[in-house]
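Asker: The structure's right below; bear with me while I get my questions together.
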Amino acid sequence: MAALAIAFTLWFLNQRQPLSSWMFWRFAAIYGLVLFFGLACLSAGHALLAWPCRMDRMVPGERWLLDVAAGVLLLSLGTFLVGVAGGLGSIYFWLFPSTLTALGAPLLVRDGQAMLHDWLRNRSRIREAHSLAAPLAIGFGAIGLFLVYLPILTTENIAFDSRWYHLAIAEHYAAAGRIAAFPEGWHLGAIPHLSSWLYTWALTTPGFDLYSRLELAAHLEFFLFLLTLAAIPLLVARLTGDWHARATWAIFFLFPGLFLYDSNLASAADHVLAFWAAPMALSAFWFVGTFSPKRAVVLAVPCAGAALTKIQSPYLLVPTALFVLGCGAIRVFRRKEPLARIGFVLAVPLLGSILLLTASQWLANAIWYHNPVYPLLPDLFPSRPWRSVLQGGMVDPGWRPIGTLANQLQTTLLSPFKFAFIPHDWFEFHRDLPVFGFLFTFSLAMLPLLRFNRRIWLLAGGTVVGLLIWFWTYHQDRYLQILLPWMVAVTAAIFLSAWRTGAPARIAITGMVALQLVWGGDIPFLPARYGNNSTALEKSIHLLSSTFRGDIRFNEQSDLERVATALPDNSVVLIHLAQVRLGIGHPAVTDNPRWTAAPLLGSLEGPAAAWRQLHDWGVTHLLLMSGRCTPGDLDLESELATHYLAKFASNGVQYIDSRIIV
């Protein structure tokens with residue numbers, strides 16, 4: 001009877017709104033693929049860590065988190081290897097994750113059943129403290145999670161940097177069917193970008209249009225964000241010993257900068273790097289307990305994952321390295337371990353594993369560009385391609401300490417205590433309003449007043465070291481999201497410890513949280529980006545209501561997407577000067593002098609040499625786009641050479657099979 005009722009209802013609804021037009025099917029497929037991805041990561045990671053984790057007892061929640069982290073790294077590296085072999089495509093999309101799932105499935109099922117049995121057996125012994133704070137925190141966290149998720153339903157939320165290189169690199173790989181060097185020496189294609197390898201899998205989805213593929217990539221980032229939230233209670237428990245503080249993940253949303261462009265989830269790499277923060281801290285605490293080689297291998301996994309994700313990984317790696325080295329030195333000083341053993345464990349299992357797991361970055365760059373850290377240190381390594389004088393630079397000015405060295409050191413040392421009250425972002429985004437959140441700073445002021453807890457002090461100190469590196473190198477607010485998991489865990493641990501001391505501390509904590517809520521309550525609703533008075537929330541709500549209106553549901557084609565439809569298969573496009581390249585749908589190269597190291601067209605000996613260079617790059621089409629150039633991007637000689645080549649090509653004089661699309 002129920003089946004008949006459902007069938008009749010579907011028939012009735014189909015008369016009003018065709019079932020085929022329901023947005024549900026598109027997102028149901030995306031959710032299913034995310035679960036497929038997550039299962040492959042869990043299964044493969046559990047098998048990978050079976051040897052180092054089996055003999056040493058580990059908290060089950062921490063083990064599952066490290067399993068998924070290891071699987072994410074394994075799937076990323078596998079994508080790289082498959083790409084180098086030229087095997088990217090629809091077969092890879094299904095076969096590779098399925099293989100990873102199958103390889104680890106027997107062990108995963110067996111260990112999962114054992115863990116479930118232990119949990120059911122010990123469940124009656126667990127006594128949860130009844131408090132109003134936990135359900136309030138969970139309710140607040142659910143609202144925050146909804147506000148974080150809703151904007152990713154529209155591709156207009158994608159960050160500029162993602163359109164420029166994170167997603168654009170993935171599209172380039174997916175379109176080419178392989179991973180190889182960028183012949184023009186594009187800097188951004190050579191720096192660490194594990195997130196682009198993950199997005200490459202999404203952009204090879206068979207049967208999906210560009211919108212759905214980009215949404216799948218966005219939901220992969222959201223999946224890693226959910227894991228980051230789930231890791232917070234585990235890290236807080238490791239700091240405080242309180243394994244019932246399961247609602248502490250909600251403190252994440254008391255840092256409202258998370259809701260703003262471009263610190264939000266926007267298919268970039270910042271939150272992918274932040275994903276490694278908790279696994280790195282948990283495995284580091286676990287490792288220093290014994291300094292065993294097996295635990296060193298486990299610690300190497302999140303360290304390698306972070307190093308492969310983004311050049312800002314030192315925010316996490318340097319504090320972790322200092323912590324591990326300090327603990328090793330203490331063990332040697334107290335004669336608990338001989339120096340030779342500590343040195344061996346740090347050099348071979350730990351550092352050796354990290355070097356092996358990151359070979360896809362440094363070894364590939366050494367082969368492709370003759371420089372393992374390309375485009376850095378060109379004087380030390382004979383980089384190819386390379387120009388003796390590069391215009392612009394790798395970073396924009398204005399995000400570094402200024403003044404004399406003494407002034408720079410002073411402002412840097414004060415930054416961990418002032419950063420939350422001074423905005424470090426483009427003025428056009430949210431003017432001079434501090435939006436990141438100040439609870440971490442307030443919690444640091446409370447820490448000396450509490451009973452000494454070594455682990456809280458260590459993680460707080462590591463976070464401060466990360467903040468110092470952030471400020472000294474490139475202190476834009478969105479990069480603080482990398483350190484946010486550590487900040488949240490430290491804040492939660494300090495608040496929990498202070499809450500138990502009595503009413504005065506509880507009143508103070510309640511007042512601080514209330515002040516942050518009042519101050520940051522409107523931040524999720526601020527305009528999404530410069531020049532756009534609407535928010536990403538409005539765009540998503542408009543999308544969700546499109547079924548009723550019957551209008552165009554998904555984003556209209558961009559200019560680059562329209563160009564892509566006019567290009568034949570196997571095209572390789574030179575995009576002249578423009579930074580944004582997402583949507584071109586074909587392998588692309590750029591001649592932007594600020595971000596490439598190849599000789600400029602204007603510096604070559606005549607048009608024939610310029611044509612030969614384009615031929616060597618495999619270029620078949622030249623795309624000239626209107627618009628102003630960014631300062632430092634325009635090279636007059638190369639601009640004239642490009643237009644000269646365009647003129648000859650349009651007149652039918654072709655040294656290579658090249659056409660002009662204007």
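Quick note on naming: the chains in the structure tokens go A, B, ... in the order shown, residues restart at 1 in each chain, and ligands are numbered from 1 in order of appearance.
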List the spatial neighbours of A:Tyr149 as number ranges by chain - criterion: any atom at most 9 Å away, only C-alpha atoms, same-chain residues fewer than 6 positions off excluded.
Answerer: A: 219, 222, 265
Asker: Once you have the residues from the selection above, write them out as a PDB file, in the first residue's frame, restricted to N, CA, C and O atoms.
Answerer:
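As a result, out-v5.pdb now contains:
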```
ATOM      1  N   HIS A 219      32.042  20.099  -2.958  1.00  0.00           N
ATOM      2  CA  HIS A 219      31.572  19.192  -1.912  1.00  0.00           C
ATOM      3  C   HIS A 219      32.698  18.310  -1.380  1.00  0.00           C
ATOM      4  O   HIS A 219      32.621  17.842  -0.230  1.00  0.00           O
ATOM      5  N   PHE A 222      34.020  20.477   1.227  1.00  0.00           N
ATOM      6  CA  PHE A 222      33.099  20.461   2.355  1.00  0.00           C
ATOM      7  C   PHE A 222      33.240  19.165   3.153  1.00  0.00           C
ATOM      8  O   PHE A 222      33.159  19.178   4.391  1.00  0.00           O
ATOM      9  N   LEU A 265      34.496  28.497   2.437  1.00  0.00           N
ATOM     10  CA  LEU A 265      34.727  27.350   1.564  1.00  0.00           C
ATOM     11  C   LEU A 265      34.435  27.777   0.130  1.00  0.00           C
ATOM     12  O   LEU A 265      33.287  28.017  -0.228  1.00  0.00           O
TER      13      LEU A 265
END
```
Asker: Which of stretch 288-485 of chain A end up as alpha helix (DSSP H) when DSSP is run on this backbone - answer as a PyMOL selection string?
Answerer: chain A and resi 293-309+314-333+339-345+351-357+359-369+405-418+427-430+439-446+454-474+484-485
Asker: Fewer than 5 positions away in the same chain doesn't count, so skip those; otherwise give me all residues within 9 Å of A:Gly305, counting only C-alpha atoms, as an MDAnalysis selection string.
Answerer: chainID A and resid 69:70 72:73 194 273 276 300 354 357:358
Asker: Name all residues at most 7 Å from stretch 183-193 of chain A (count only C-alpha atoms; drop same-chain ones fewer than 5 positions away) and give them as a list in words.
Answerer: Tyr165, Ile169, Leu308, Thr309, Lys310, Ile311, Gln361, Asn365, Tyr374, Pro375, Pro385, Val589, Trp595, Thr596, Ala597, Ala598 and Trp617 of chain A
Asker: Find the residues around A:Ala85 up to 12 Å (only C-alpha atoms counted), leave out those fewer than 3 positions away in its own chain, and share them as a list of chain:residue names.
Answerer: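 Result of the neighbour search: A:Gly78, A:Thr79, A:Phe80, A:Leu81, A:Val82, A:Leu88, A:Gly89, A:Tyr92, A:Tyr173, A:Ala176, A:Gly177, A:Arg178, A:Ile179, A:Ala180.
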Asker: Give me the residues near stretch 471-482 of chain A as a ChimeraX atom specification, where near means some atom within 8 Å (using only C-alpha atoms) and where sequence neighbours in that chain fewer than 6 positions away do not count.
Answerer: /A:258,262-263,270-271,273-274,277,312,315,399-401,412,415,423-425,436
Asker: Using C-alpha atoms, can you write the selected residues to a file as an mmCIF file, in the first residue's frame?
Answerer:
```cif
data_model
loop_
_atom_site.group_PDB
_atom_site.id
_atom_site.type_symbol
_atom_site.label_atom_id
_atom_site.label_comp_id
_atom_site.auth_asym_id
_atom_site.auth_seq_id
_atom_site.Cartn_x
_atom_site.Cartn_y
_atom_site.Cartn_z
ATOM 1 C CA LEU A 258 35.003 31.726 8.196
ATOM 2 C CA ASP A 262 37.529 34.748 0.641
ATOM 3 C CA SER A 263 38.027 32.852 3.896
ATOM 4 C CA ASP A 270 43.215 26.883 2.590
ATOM 5 C CA HIS A 271 40.656 24.560 4.189
ATOM 6 C CA LEU A 273 45.523 22.499 4.348
ATOM 7 C CA ALA A 274 43.572 23.157 7.569
ATOM 8 C CA ALA A 277 46.157 20.400 11.298
ATOM 9 C CA GLN A 312 51.821 28.004 3.640
ATOM 10 C CA TYR A 315 52.460 27.379 9.590
ATOM 11 C CA TRP A 399 51.185 41.860 3.407
ATOM 12 C CA ARG A 400 54.566 41.870 5.113
ATOM 13 C CA PRO A 401 56.022 43.745 8.093
ATOM 14 C CA THR A 412 55.662 40.432 14.284
ATOM 15 C CA SER A 415 50.927 40.065 16.072
ATOM 16 C CA PRO A 423 41.954 43.486 9.679
ATOM 17 C CA HIS A 424 44.468 42.163 7.175
ATOM 18 C CA ASP A 425 42.503 42.001 3.960
ATOM 19 C CA PHE A 436 38.200 36.957 12.112
#
```
Asker: Given the choices A:Val148, A:Ala7, A:Ala493, A:Leu33, which gets closest to A:Phe208 if the distance is worked out from only C-alpha atoms?
Answerer: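 Nearest to A:Phe208: A:Leu33.
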Asker: So, counting only C-alpha atoms, which residue among A:Ser497, A:Thr411, A:Thr154, A:Thr228 is closest to A:Pro448?
Answerer: A:Ser497
Asker: Can you tell me how far atom CA of A:Arg454 sits from atom CA of A:Phe417, in Å to one decimal?
Answerer: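 Rounded to one decimal, the two atoms are 20.7 Å apart.
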Asker: May I ask which of the residues A:Pro314, A:Ser212, A:Asp161, A:Ala296 is the closest one to A:Phe344, counting only C-alpha atoms?
Answerer: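 Closest candidate: A:Ala296.
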Asker: Between A:Ala114, A:Ala268, A:Cys53, A:Val580, which has the minimum distance to A:His166 (counting only C-alpha atoms)?
Answerer: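 Nearest to A:His166: A:Ala268.
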